[in-house]
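S.K.: Take a look at the following structure, please.
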Amino acid sequence: MNKTITTSAMTIIIVSIVGGAAFVAKPASASTALSVAPPKLPPGLDVPAQLPSAITDPNVLVAWIKLYNRTEPFSLWDGRTLTGRELAQFLLDEGIPVVWDVDGVCGGNSCSVHHWTLFGWVYEGQAPGVDPIYIRPALQTDPHGLLMVLAHEIFHRTEPFGRGVDTKFEEYWAFRIGTAVAPAEWPVFDGYDPMQSRGLSLWLRDNNLGAYHRLPAYPPGIAGLVVSAGEARPRSLSTDDKLRIQEEARLMILAADPANVAQVGVLPAWPGQGE
Ligand SMILES: [Zn+2]
């Protein structure tokens, strides 16, 4: 398998988002930095010697430095811990640009573009360089919200459950991590058990995150944990699941823009399916 094959297979893109409308099928294009007043860096922050050259906007750079200074570990679903600094370091190491979504790639939200290939969903498209994280421009004047969303979107880019479609479970943890580094009253997490699919659905509903309802509940990798938590029907992805997810992706792309029917028509088979 070489890169040429990989990139030539790309036909469909879907984005994962923070809040609001669900999915957009639209080519990623270059975004430009907005003209803003240089932000002030809060005193007392540890500024690393190496800053991410892929971040050119001063507001975003300040948010990245704040994230780098979040060193308190928070516990994940499997007992591991994660810090804001680790997320910041990941962005630096991977050279992932963070840009304002002035072209509306994310449909009014923040996102990374997900590309469909013969080998599954990936974050790297055909364009040269590393695909950026797009940030909703309204956050330019909301540094707290920017920090939250930056952590959320970097968490997605770490592919915490491996390659694959986004899930309710991944969104739940992306939001939890976002509010761990930038405390907020929304979303509310108390009283919802993420290890039960009903708990996930109620959490989405009660926090007005209905746009995520169409996502699968869990990534295959955490099925065993769901079993131990008493989930009724834990399982890895069956062929039916894969076909259902593929069809959902097709419908979501069509819903975003009926003009995409030409692209949807060439949605390739799920890896390993058929010949
Ligand atoms: Zn998300």
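To be explicit about the labels: the chains of the structure tokens are called A, B, and onward in the order shown, and within each one the residues are counted from 1, while ligands get numbers from 1 in the order they are shown.
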Find the nearest atom pair between each residue of chain A and ligand 1 for residues within 12 Å, count only C-alpha atoms and all ligand atoms, give distances in Å to one decimal, sort rows by chain and ascending number, and present the table as JSON lines.

M.R.:
{"residue": "A:Val15", "atom": "CA", "partner": "ligand 1", "partner_atom_place_in_ligand_line": "1 (Zn)", "distance": 9.2}
{"residue": "A:Ser16", "atom": "CA", "partner": "ligand 1", "partner_atom_place_in_ligand_line": "1 (Zn)", "distance": 5.6}
{"residue": "A:Ile17", "atom": "CA", "partner": "ligand 1", "partner_atom_place_in_ligand_line": "1 (Zn)", "distance": 4.8}
{"residue": "A:Val18", "atom": "CA", "partner": "ligand 1", "partner_atom_place_in_ligand_line": "1 (Zn)", "distance": 4.8}
{"residue": "A:Gly19", "atom": "CA", "partner": "ligand 1", "partner_atom_place_in_ligand_line": "1 (Zn)", "distance": 7.7}
{"residue": "A:Gly20", "atom": "CA", "partner": "ligand 1", "partner_atom_place_in_ligand_line": "1 (Zn)", "distance": 10.7}
{"residue": "A:Ala21", "atom": "CA", "partner": "ligand 1", "partner_atom_place_in_ligand_line": "1 (Zn)", "distance": 11.7}
{"residue": "A:Ala22", "atom": "CA", "partner": "ligand 1", "partner_atom_place_in_ligand_line": "1 (Zn)", "distance": 10.2}
{"residue": "A:Phe23", "atom": "CA", "partner": "ligand 1", "partner_atom_place_in_ligand_line": "1 (Zn)", "distance": 11.2}
{"residue": "A:Cys106", "atom": "CA", "partner": "ligand 1", "partner_atom_place_in_ligand_line": "1 (Zn)", "distance": 11.5}
{"residue": "A:Asn109", "atom": "CA", "partner": "ligand 1", "partner_atom_place_in_ligand_line": "1 (Zn)", "distance": 10.0}
{"residue": "A:Ser110", "atom": "CA", "partner": "ligand 1", "partner_atom_place_in_ligand_line": "1 (Zn)", "distance": 8.3}
{"residue": "A:Cys111", "atom": "CA", "partner": "ligand 1", "partner_atom_place_in_ligand_line": "1 (Zn)", "distance": 7.2}
{"residue": "A:Ser112", "atom": "CA", "partner": "ligand 1", "partner_atom_place_in_ligand_line": "1 (Zn)", "distance": 9.0}
{"residue": "A:Val113", "atom": "CA", "partner": "ligand 1", "partner_atom_place_in_ligand_line": "1 (Zn)", "distance": 11.3}
{"residue": "A:His114", "atom": "CA", "partner": "ligand 1", "partner_atom_place_in_ligand_line": "1 (Zn)", "distance": 11.8}
{"residue": "A:Ile133", "atom": "CA", "partner": "ligand 1", "partner_atom_place_in_ligand_line": "1 (Zn)", "distance": 11.4}
{"residue": "A:Tyr134", "atom": "CA", "partner": "ligand 1", "partner_atom_place_in_ligand_line": "1 (Zn)", "distance": 11.9}
{"residue": "A:Ile135", "atom": "CA", "partner": "ligand 1", "partner_atom_place_in_ligand_line": "1 (Zn)", "distance": 11.8}
{"residue": "A:Met148", "atom": "CA", "partner": "ligand 1", "partner_atom_place_in_ligand_line": "1 (Zn)", "distance": 11.0}
{"residue": "A:Val149", "atom": "CA", "partner": "ligand 1", "partner_atom_place_in_ligand_line": "1 (Zn)", "distance": 8.5}
{"residue": "A:Leu150", "atom": "CA", "partner": "ligand 1", "partner_atom_place_in_ligand_line": "1 (Zn)", "distance": 10.3}
{"residue": "A:Ala151", "atom": "CA", "partner": "ligand 1", "partner_atom_place_in_ligand_line": "1 (Zn)", "distance": 9.9}
{"residue": "A:His152", "atom": "CA", "partner": "ligand 1", "partner_atom_place_in_ligand_line": "1 (Zn)", "distance": 6.1}
{"residue": "A:Glu153", "atom": "CA", "partner": "ligand 1", "partner_atom_place_in_ligand_line": "1 (Zn)", "distance": 6.2}
{"residue": "A:Ile154", "atom": "CA", "partner": "ligand 1", "partner_atom_place_in_ligand_line": "1 (Zn)", "distance": 9.3}
{"residue": "A:Phe155", "atom": "CA", "partner": "ligand 1", "partner_atom_place_in_ligand_line": "1 (Zn)", "distance": 8.3}
{"residue": "A:His156", "atom": "CA", "partner": "ligand 1", "partner_atom_place_in_ligand_line": "1 (Zn)", "distance": 6.5}
{"residue": "A:Arg157", "atom": "CA", "partner": "ligand 1", "partner_atom_place_in_ligand_line": "1 (Zn)", "distance": 9.8}
{"residue": "A:Thr158", "atom": "CA", "partner": "ligand 1", "partner_atom_place_in_ligand_line": "1 (Zn)", "distance": 11.9}
{"residue": "A:Glu159", "atom": "CA", "partner": "ligand 1", "partner_atom_place_in_ligand_line": "1 (Zn)", "distance": 11.4}
{"residue": "A:Val165", "atom": "CA", "partner": "ligand 1", "partner_atom_place_in_ligand_line": "1 (Zn)", "distance": 11.5}
{"residue": "A:Asp166", "atom": "CA", "partner": "ligand 1", "partner_atom_place_in_ligand_line": "1 (Zn)", "distance": 8.0}
{"residue": "A:Thr167", "atom": "CA", "partner": "ligand 1", "partner_atom_place_in_ligand_line": "1 (Zn)", "distance": 9.1}
{"residue": "A:Lys168", "atom": "CA", "partner": "ligand 1", "partner_atom_place_in_ligand_line": "1 (Zn)", "distance": 9.0}
{"residue": "A:Phe169", "atom": "CA", "partner": "ligand 1", "partner_atom_place_in_ligand_line": "1 (Zn)", "distance": 10.0}
{"residue": "A:Glu170", "atom": "CA", "partner": "ligand 1", "partner_atom_place_in_ligand_line": "1 (Zn)", "distance": 7.3}
{"residue": "A:Glu171", "atom": "CA", "partner": "ligand 1", "partner_atom_place_in_ligand_line": "1 (Zn)", "distance": 4.8}
{"residue": "A:Tyr172", "atom": "CA", "partner": "ligand 1", "partner_atom_place_in_ligand_line": "1 (Zn)", "distance": 8.1}
{"residue": "A:Trp173", "atom": "CA", "partner": "ligand 1", "partner_atom_place_in_ligand_line": "1 (Zn)", "distance": 8.6}
{"residue": "A:Ala174", "atom": "CA", "partner": "ligand 1", "partner_atom_place_in_ligand_line": "1 (Zn)", "distance": 5.8}
{"residue": "A:Phe175", "atom": "CA", "partner": "ligand 1", "partner_atom_place_in_ligand_line": "1 (Zn)", "distance": 7.0}
{"residue": "A:Arg176", "atom": "CA", "partner": "ligand 1", "partner_atom_place_in_ligand_line": "1 (Zn)", "distance": 10.4}
{"residue": "A:Ile177", "atom": "CA", "partner": "ligand 1", "partner_atom_place_in_ligand_line": "1 (Zn)", "distance": 10.5}
{"residue": "A:Gly178", "atom": "CA", "partner": "ligand 1", "partner_atom_place_in_ligand_line": "1 (Zn)", "distance": 9.6}
{"residue": "A:Leu209", "atom": "CA", "partner": "ligand 1", "partner_atom_place_in_ligand_line": "1 (Zn)", "distance": 10.5}
{"residue": "A:Ala211", "atom": "CA", "partner": "ligand 1", "partner_atom_place_in_ligand_line": "1 (Zn)", "distance": 10.9}
{"residue": "A:Tyr212", "atom": "CA", "partner": "ligand 1", "partner_atom_place_in_ligand_line": "1 (Zn)", "distance": 9.1}
{"residue": "A:Leu215", "atom": "CA", "partner": "ligand 1", "partner_atom_place_in_ligand_line": "1 (Zn)", "distance": 11.3}

S.K.: As a list in words, please: every residue in range 101-167 of chain A that DSSP puts in strand (DSSP E or B).

M.R.: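 Everything in range 101-167 of chain A that counts as strand (DSSP E or B) is Cys111, Ser112, Val113, His114, His115, Trp116, Thr117, Gly120, Trp121, Val122, Ile133, Tyr134 and Ile135 of chain A.
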
S.K.: Write out, as a PDB file, in the first residue's frame, the residues just selected, with C-alpha atoms.

M.R.:
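Output (out.pdb):
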ATOM      1  CA  CYS A 111     -13.759  20.615  12.956  1.00  0.00           C
ATOM      2  CA  SER A 112     -11.153  18.564  11.229  1.00  0.00           C
ATOM      3  CA  VAL A 113     -12.091  17.128   7.869  1.00  0.00           C
ATOM      4  CA  HIS A 114     -12.426  13.367   7.750  1.00  0.00           C
ATOM      5  CA  HIS A 115     -11.504  11.765   4.439  1.00  0.00           C
ATOM      6  CA  TRP A 116     -12.798   8.438   3.291  1.00  0.00           C
ATOM      7  CA  THR A 117     -10.232   6.157   1.698  1.00  0.00           C
ATOM      8  CA  GLY A 120     -10.806   3.774   6.246  1.00  0.00           C
ATOM      9  CA  TRP A 121     -11.381   7.276   7.541  1.00  0.00           C
ATOM     10  CA  VAL A 122      -8.282   9.440   7.803  1.00  0.00           C
ATOM     11  CA  ILE A 133      -7.969  22.011  12.530  1.00  0.00           C
ATOM     12  CA  TYR A 134     -10.578  24.597  11.607  1.00  0.00           C
ATOM     13  CA  ILE A 135     -11.864  26.842  14.383  1.00  0.00           C
TER      14      ILE A 135
END

S.K.: Write out as a ChimeraX atom specification all residues of range 22-153 of chain A that DSSP puts in helix (DSSP H, G or I) for this structure's backbone.

M.R.: /A:58-68,84-94,137-141,143-153

S.K.: Which neighbours of range 89-94 of chain A fall inside 7 Å, counting only C-alpha atoms, when residues of the same chain fewer than 3 positions from it are skipped, and could you give them as a list in words?

M.R.: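 Within the cut-off, the hits are Pro52, Arg85, Glu86 and Ile154 of chain A.
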
S.K.: In Å, with one decimal, what is the gap from CA of Leu87 in chain A to CA of Pro220 in chain A?

M.R.: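 We find that CA of Leu87 in chain A and CA of Pro220 in chain A lie 23.1 Å from each other.
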
S.K.: Give me the residues of range 113-209 of chain A that have any atom at most 9 Å from an atom of range 222-227 of chain A; for each, the nearest atom pair and the distance in Å, rounded to one decimal. Use only C-alpha atoms, sort by chain and number, and format it as a tab-separated table.

M.R.:
residue	atom	partner	partner_atom	distance
A:Phe161	CA	A:Ile222	CA	8.0
A:Met195	CA	A:Val226	CA	5.4
A:Gln196	CA	A:Val226	CA	6.9
A:Ser197	CA	A:Val226	CA	8.9

S.K.: How many Å separate CA of Val62 in chain A from CA of Tyr123 in chain A?

M.R.: 24.5 Å

S.K.: Provide the CA of Ile55 in chain A to CA of Pro97 in chain A distance in Å, to one decimal place.

M.R.: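 Rounded to one decimal, the two atoms are 5.4 Å apart.
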
S.K.: Would you list the contacts of range 37-48 of chain A as a PyMOL selection string, taking every protein, DNA or RNA residue within 7 Å and counting only C-alpha atoms, but skipping same-chain residues closer than 3 positions in sequence?

M.R.: chain A and resi 51+58-59+62+65+69

S.K.: Nearest to Val60 in chain A among A:Arg136, A:Arg214, A:Arg198, A:Arg80, with distances taken over only C-alpha atoms: which residue is it?

M.R.: A:Arg136
